[in-house]
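One structure is given below, encoded as structure tokens.
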Amino acid sequence: MVDRTPSVLITGANRGVGLELVRQYVVAGWRIHACCRNPVDAHDLRDVLKGYDGLIHSLDVSDHQSIHDLKDTLEKEPIDVLINNAGVFGGEHQSFGDMDYAAWAGALETNTFGPYRLTEALLDNVESGHDARIVNISSGMGSVTNYVRGGDYIYRTSKTALTMVTLNLSYDLKDRGIIFTAFHPGWVQTGMGGAKADLTPEQSAMALKQSIDALTSEQNGAYLNYDGATIPW
Amino acid sequence: MPSVFITGANRGIGFELARQYTADGWTVYGGARDPDNADELRALGGAVFELNVTDHDQIKAAAHALKHQPIDLLINNAGMSFGEEEQFGRFTNAQWMEQFQVHVFGTLAMCEAFVDHVAASERKLIVNISSGNGSFGWDRGQGDYPYDSTKAALNVLTKGLSVDLKGRGITVMCMTPGNVQTDMTGPNAMITPLESITGMRAVIDGLDMSKTGTFWRYNGEAMPW
């Protein structure tokens, strides 16, 4: 063990699964870097962090300059766990014959390019972390094998691509001592998942943290359910 | 005779597909970004369309020009690579997006524009040219991030299309041509275009709805997702 508090950086930390992940890591006594697009409006996040070792950073993962600014702020601070959680669904027009191609490009910038670019920018910080992990919150909806319903082309392609990026990173950077994984957070009662979803954000985040804690180097590159079970590609 | 529309038909795999289907007596429609520089394709005698698959107006124009013409087989072949610039830390988001526009957006835009032509045909086939690079389960080497991720996205799109177009009787699948000697891969690749496309045509000949939503190698082996 190291003689400092472990640290986690979480994107999209102002609501949904991201906010509950912050709460899980706060309870566990971690130092938190909570990132969101508009910290001024992140009232729930401020409440969760009140009195704890947590910083809120402004970050839009689709914006190169924003990532660069975060990197400057963090300097050489070690990050033990980086959780690329920020994501968008991509709007209502993503079925055959009703495609919003501009929205598709926008969703890719956030869901696929964003996690890659943040990983690239913060790689040295994570490499200097202890038991380092980079967790990409992908989705089971990006599983080609399990895709039997059709539609949702924007969301699914962006997540399948993110899972592939994760696999590439796990291979290319395997000597850096970082475990890379892509996780399905479950179908969660959030702004994206809707009220009928299976899990509360708290249930999802609690299971995710347990599964992240339990990761081993053999799982580098794995595509995992929130409970730690492997998902078919 | 059956008819085929092939994107990126002026060279490489696309050209060999056009050449072999022409030799087999099919009506061949070829898309090329620059028809003035597609002499070999023109010499085959089929109609050539100015078609950059990132230009959805050109796609619609080609579909309109062929209105009421059944197309038995749509082959979304147009593809690109930035070579070694695709490795970790070496590519821009603009390059990555361009690959999405060609491999993924372009494929879907072609399917949307030509779905009625294919549905009106005898065979009702759509084949998307993917790659082992887009397969999670295939042997993997150093990452070519834009290429690998867009081909994986193309595969999941193909699976979705297979579900969404089943009601119209259209079989949709993706195929890897193998490591073929083309301008993209260079002369050290494993197999010739002749061998790859001869194999792919045999696979395509055997397609029916029971195989929709699947991923095949040129030689008839099943590919893992």
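Chains: A, B, ... in order of the structure tokens. Residues: from 1 per chain. Ligands: from 1, in order shown.
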
Please produce, as JSON lines, a per-residue contact table for chain B versus chain A (criterion: any atom at most 8 Å away, only C-alpha atoms considered), showing the nearest atom pair and its distance in Å to one decimal, sorted by chain then residue number.
```
{"residue": "B:Phe88", "atom": "CA", "partner": "A:Asp172", "partner_atom": "CA", "distance": 7.7}
{"residue": "B:Gly89", "atom": "CA", "partner": "A:Glu120", "partner_atom": "CA", "distance": 6.9}
{"residue": "B:Asn93", "atom": "CA", "partner": "A:Phe113", "partner_atom": "CA", "distance": 7.0}
{"residue": "B:Met97", "atom": "CA", "partner": "A:Ala105", "partner_atom": "CA", "distance": 7.3}
{"residue": "B:Phe105", "atom": "CA", "partner": "A:Tyr101", "partner_atom": "CA", "distance": 7.3}
{"residue": "B:Glu112", "atom": "CA", "partner": "A:Gly97", "partner_atom": "CA", "distance": 5.9}
{"residue": "B:Gly134", "atom": "CA", "partner": "A:Met164", "partner_atom": "CA", "distance": 7.8}
{"residue": "B:Phe136", "atom": "CA", "partner": "A:Trp233", "partner_atom": "CA", "distance": 6.5}
{"residue": "B:Gly137", "atom": "CA", "partner": "A:Trp233", "partner_atom": "CA", "distance": 7.7}
{"residue": "B:Gly141", "atom": "CA", "partner": "A:Tyr171", "partner_atom": "CA", "distance": 7.5}
{"residue": "B:Gln142", "atom": "CA", "partner": "A:Asp172", "partner_atom": "CA", "distance": 5.9}
{"residue": "B:Gly143", "atom": "CA", "partner": "A:Asn168", "partner_atom": "CA", "distance": 5.0}
{"residue": "B:Asp144", "atom": "CA", "partner": "A:Asn168", "partner_atom": "CA", "distance": 7.9}
{"residue": "B:Tyr145", "atom": "CA", "partner": "A:Val165", "partner_atom": "CA", "distance": 6.4}
{"residue": "B:Asp148", "atom": "CA", "partner": "A:Met164", "partner_atom": "CA", "distance": 7.0}
{"residue": "B:Ser149", "atom": "CA", "partner": "A:Ala161", "partner_atom": "CA", "distance": 4.5}
{"residue": "B:Thr150", "atom": "CA", "partner": "A:Ala161", "partner_atom": "CA", "distance": 6.4}
{"residue": "B:Ala152", "atom": "CA", "partner": "A:Ala161", "partner_atom": "CA", "distance": 6.0}
{"residue": "B:Ala153", "atom": "CA", "partner": "A:Thr157", "partner_atom": "CA", "distance": 4.6}
{"residue": "B:Leu154", "atom": "CA", "partner": "A:Thr157", "partner_atom": "CA", "distance": 7.5}
{"residue": "B:Asn155", "atom": "CA", "partner": "A:Val144", "partner_atom": "CA", "distance": 7.2}
{"residue": "B:Val156", "atom": "CA", "partner": "A:Val144", "partner_atom": "CA", "distance": 5.0}
{"residue": "B:Leu157", "atom": "CA", "partner": "A:Tyr153", "partner_atom": "CA", "distance": 6.5}
{"residue": "B:Lys159", "atom": "CA", "partner": "A:Val144", "partner_atom": "CA", "distance": 6.8}
{"residue": "B:Gly160", "atom": "CA", "partner": "A:Gly150", "partner_atom": "CA", "distance": 4.4}
{"residue": "B:Leu161", "atom": "CA", "partner": "A:Gly150", "partner_atom": "CA", "distance": 6.8}
{"residue": "B:Ser162", "atom": "CA", "partner": "A:Gly150", "partner_atom": "CA", "distance": 7.9}
{"residue": "B:Val163", "atom": "CA", "partner": "A:Gly150", "partner_atom": "CA", "distance": 5.3}
{"residue": "B:Asp164", "atom": "CA", "partner": "A:Gly150", "partner_atom": "CA", "distance": 5.5}
{"residue": "B:Trp225", "atom": "CA", "partner": "A:Trp233", "partner_atom": "CA", "distance": 6.1}
```

(request) Write out as a ChimeraX atom specification all residues of range 142-179 of chain B that DSSP puts in strand (DSSP E or B) for this structure's backbone. (result) /B:171-176

When you look at Val28 in chain B with a cut-off of 9 Å (counting only C-alpha atoms), what residues show up, excluding the ones that are within fewer than 2 positions of it in the same chain? I need them as a short mmCIF file (atom, residue, chain, number, x, y, z; two decimals) with C-alpha atoms, in the first residue's frame.
```
data_model
loop_
_atom_site.label_atom_id
_atom_site.label_comp_id
_atom_site.auth_asym_id
_atom_site.auth_seq_id
_atom_site.Cartn_x
_atom_site.Cartn_y
_atom_site.Cartn_z
CA PRO B 2 -28.78 -10.03 -61.38
CA SER B 3 -27.36 -6.63 -60.57
CA VAL B 4 -24.85 -5.35 -58.03
CA PHE B 5 -23.96 -1.88 -56.77
CA ILE B 6 -20.40 -1.59 -55.42
CA ALA B 18 -16.77 -5.27 -60.27
CA ARG B 19 -14.51 -7.16 -62.67
CA TYR B 21 -19.33 -9.82 -61.43
CA THR B 22 -19.09 -8.24 -64.89
CA GLY B 25 -22.68 -11.50 -66.67
CA TRP B 26 -24.12 -9.36 -63.87
CA GLY B 30 -19.87 1.13 -59.61
CA LEU B 44 -15.81 -2.92 -67.78
CA GLY B 45 -18.79 -1.27 -69.47
CA GLY B 46 -21.14 -0.81 -66.51
CA ALA B 47 -22.55 2.48 -65.25
CA VAL B 48 -20.16 4.47 -63.07
#
```

(message) as an MDAnalysis selection string, please: the residues near Val40 in chain A (cut-off 10 Å, only C-alpha atoms, same-chain neighbours under 4 positions excluded).
(response) chainID A and resid 36 46 56 58

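For Asp208 in chain B, the non-local neighbours within 10 Å, defined as residues at least 2 positions apart in the same chain or in other chains and counting only C-alpha atoms, are Arg123, Lys124, Leu125, Gly169, Ile170, Thr171, Val172, Ile204, Asp205, Gly206, Ser210, Lys211 and Thr212 of chain B.
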
Expected file contents, prior selection, N, CA and C atoms, as a PDB file, in the first residue's frame:
```
ATOM      1  N   ARG B 123     -32.716 -11.253 -55.180  1.00  0.00           N
ATOM      2  CA  ARG B 123     -31.878 -11.861 -54.132  1.00  0.00           C
ATOM      3  C   ARG B 123     -31.871 -11.086 -52.804  1.00  0.00           C
ATOM      4  N   LYS B 124     -32.022  -9.783 -52.875  1.00  0.00           N
ATOM      5  CA  LYS B 124     -32.177  -8.961 -51.651  1.00  0.00           C
ATOM      6  C   LYS B 124     -31.009  -9.124 -50.676  1.00  0.00           C
ATOM      7  N   LEU B 125     -29.824  -8.757 -51.134  1.00  0.00           N
ATOM      8  CA  LEU B 125     -28.626  -8.936 -50.308  1.00  0.00           C
ATOM      9  C   LEU B 125     -27.887  -7.619 -50.085  1.00  0.00           C
ATOM     10  N   GLY B 169     -37.355  -8.667 -46.100  1.00  0.00           N
ATOM     11  CA  GLY B 169     -36.767  -9.831 -46.758  1.00  0.00           C
ATOM     12  C   GLY B 169     -35.321  -9.659 -47.167  1.00  0.00           C
ATOM     13  N   ILE B 170     -34.661  -8.647 -46.583  1.00  0.00           N
ATOM     14  CA  ILE B 170     -33.275  -8.361 -46.984  1.00  0.00           C
ATOM     15  C   ILE B 170     -32.298  -9.031 -46.028  1.00  0.00           C
ATOM     16  N   THR B 171     -31.351  -9.762 -46.602  1.00  0.00           N
ATOM     17  CA  THR B 171     -30.269 -10.400 -45.844  1.00  0.00           C
ATOM     18  C   THR B 171     -29.089  -9.430 -45.773  1.00  0.00           C
ATOM     19  N   VAL B 172     -28.616  -9.161 -44.573  1.00  0.00           N
ATOM     20  CA  VAL B 172     -27.503  -8.233 -44.377  1.00  0.00           C
ATOM     21  C   VAL B 172     -26.397  -8.958 -43.621  1.00  0.00           C
ATOM     22  N   ILE B 204     -21.157 -15.271 -50.973  1.00  0.00           N
ATOM     23  CA  ILE B 204     -22.343 -14.455 -51.278  1.00  0.00           C
ATOM     24  C   ILE B 204     -23.384 -15.287 -52.039  1.00  0.00           C
ATOM     25  N   ASP B 205     -22.915 -16.156 -52.936  1.00  0.00           N
ATOM     26  CA  ASP B 205     -23.836 -17.015 -53.689  1.00  0.00           C
ATOM     27  C   ASP B 205     -24.667 -17.898 -52.769  1.00  0.00           C
ATOM     28  N   GLY B 206     -24.079 -18.259 -51.622  1.00  0.00           N
ATOM     29  CA  GLY B 206     -24.775 -19.162 -50.710  1.00  0.00           C
ATOM     30  C   GLY B 206     -25.600 -18.466 -49.643  1.00  0.00           C
ATOM     31  N   SER B 210     -31.288 -17.187 -43.583  1.00  0.00           N
ATOM     32  CA  SER B 210     -30.804 -17.945 -42.416  1.00  0.00           C
ATOM     33  C   SER B 210     -29.424 -17.454 -41.973  1.00  0.00           C
ATOM     34  N   LYS B 211     -28.724 -16.713 -42.852  1.00  0.00           N
ATOM     35  CA  LYS B 211     -27.372 -16.250 -42.507  1.00  0.00           C
ATOM     36  C   LYS B 211     -27.332 -14.758 -42.237  1.00  0.00           C
ATOM     37  N   THR B 212     -28.487 -14.121 -42.146  1.00  0.00           N
ATOM     38  CA  THR B 212     -28.467 -12.669 -41.937  1.00  0.00           C
ATOM     39  C   THR B 212     -27.870 -12.337 -40.566  1.00  0.00           C
TER      40      THR B 212
END
```

Which neighbours of range 179-181 of chain B fall inside 9 Å, counting only C-alpha atoms, when residues of the same chain fewer than 3 positions from it are skipped, and could you give them as a compact mmCIF listing (two decimals) with C-alpha atoms, in the first residue's frame?
```
# COMPACT_ATOMS: atom_id res chain seq x y z
CA GLY B 12 -8.54 -2.80 -54.96
CA ILE B 13 -11.22 -5.12 -53.68
CA SER B 131 -12.23 -6.42 -41.38
CA GLY B 132 -10.63 -8.74 -38.87
CA THR B 176 -13.70 -9.67 -44.23
CA MET B 184 -4.24 0.17 -48.71
CA THR B 185 -2.34 -2.87 -47.46
CA GLY B 186 0.65 -2.99 -49.82
CA PRO B 187 2.30 -5.82 -51.73
CA ASN B 188 3.24 -7.90 -48.65
CA ALA B 189 -0.35 -8.86 -47.93
CA MET B 190 -1.21 -12.55 -47.87
CA ILE B 191 -3.60 -13.10 -50.76
CA THR B 192 -4.40 -11.65 -54.17
CA PRO B 193 -7.62 -9.80 -54.96
CA GLU B 195 -8.35 -15.22 -54.55
CA SER B 196 -10.21 -13.03 -52.05
```

(request) May I have the residues within 12 Å of Thr73 in chain A as an NGL selection string, using only C-alpha atoms and disregarding those fewer than 2 positions away in the same chain? (result) :A and (33 or 55-59 or 66-71 or 75-77 or 121-122 or 125)

Could you write out the selected residues, including C-alpha atoms, as a JSON list (two decimals), in the first residue's frame?
```json
[["chain", "number", "residue", "atom", "x", "y", "z"],
["A", 33, "HIS", "CA", -11.67, 14.41, -8.69],
["A", 55, "LEU", "CA", -12.40, 18.65, -5.99],
["A", 56, "ILE", "CA", -14.84, 19.55, -8.73],
["A", 57, "HIS", "CA", -13.35, 20.21, -12.15],
["A", 58, "SER", "CA", -14.95, 21.69, -15.22],
["A", 59, "LEU", "CA", -14.57, 19.17, -18.04],
["A", 66, "SER", "CA", -10.97, 21.41, -21.69],
["A", 67, "ILE", "CA", -9.03, 18.13, -21.37],
["A", 68, "HIS", "CA", -5.78, 20.05, -21.69],
["A", 69, "ASP", "CA", -6.82, 22.44, -18.89],
["A", 70, "LEU", "CA", -7.68, 19.54, -16.59],
["A", 71, "LYS", "CA", -4.29, 17.98, -17.28],
["A", 75, "GLU", "CA", -0.06, 18.44, -12.84],
["A", 76, "LYS", "CA", 1.69, 15.24, -11.73],
["A", 77, "GLU", "CA", -0.84, 14.12, -9.16],
["A", 121, "ALA", "CA", -3.95, 13.05, -21.57],
["A", 122, "LEU", "CA", -3.90, 11.52, -18.07],
["A", 125, "ASN", "CA", -1.03, 10.40, -13.83]]
```

(request) Using only C-alpha atoms, find the one residue out of A:Asp227, A:Asp41, A:Asp131, A:Asp175 that sits nearest to Leu82 in chain A. (result) A:Asp131

(message) Can you measure CA of Asn84 in chain A to CA of Ile10 in chain A for me? One decimal in Å is fine.
(response)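 Calculated distance between CA of Asn84 in chain A and CA of Ile10 in chain A is 6.3 Å.
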
(request) List every residue of range 143-219 of chain B that DSSP, applied to the backbone of this structure, assigns to helix (DSSP H, G or I), and report them as a PyMOL selection string. (result) chain B and resi 145-164+166-168+193-205+209-211

(request) Rounded to one decimal place, report the CA of Val48 in chain A-CA of Asn111 in chain A distance in Å. (result)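 According to the coordinates, CA of Val48 in chain A and CA of Asn111 in chain A are separated by 25.2 Å.
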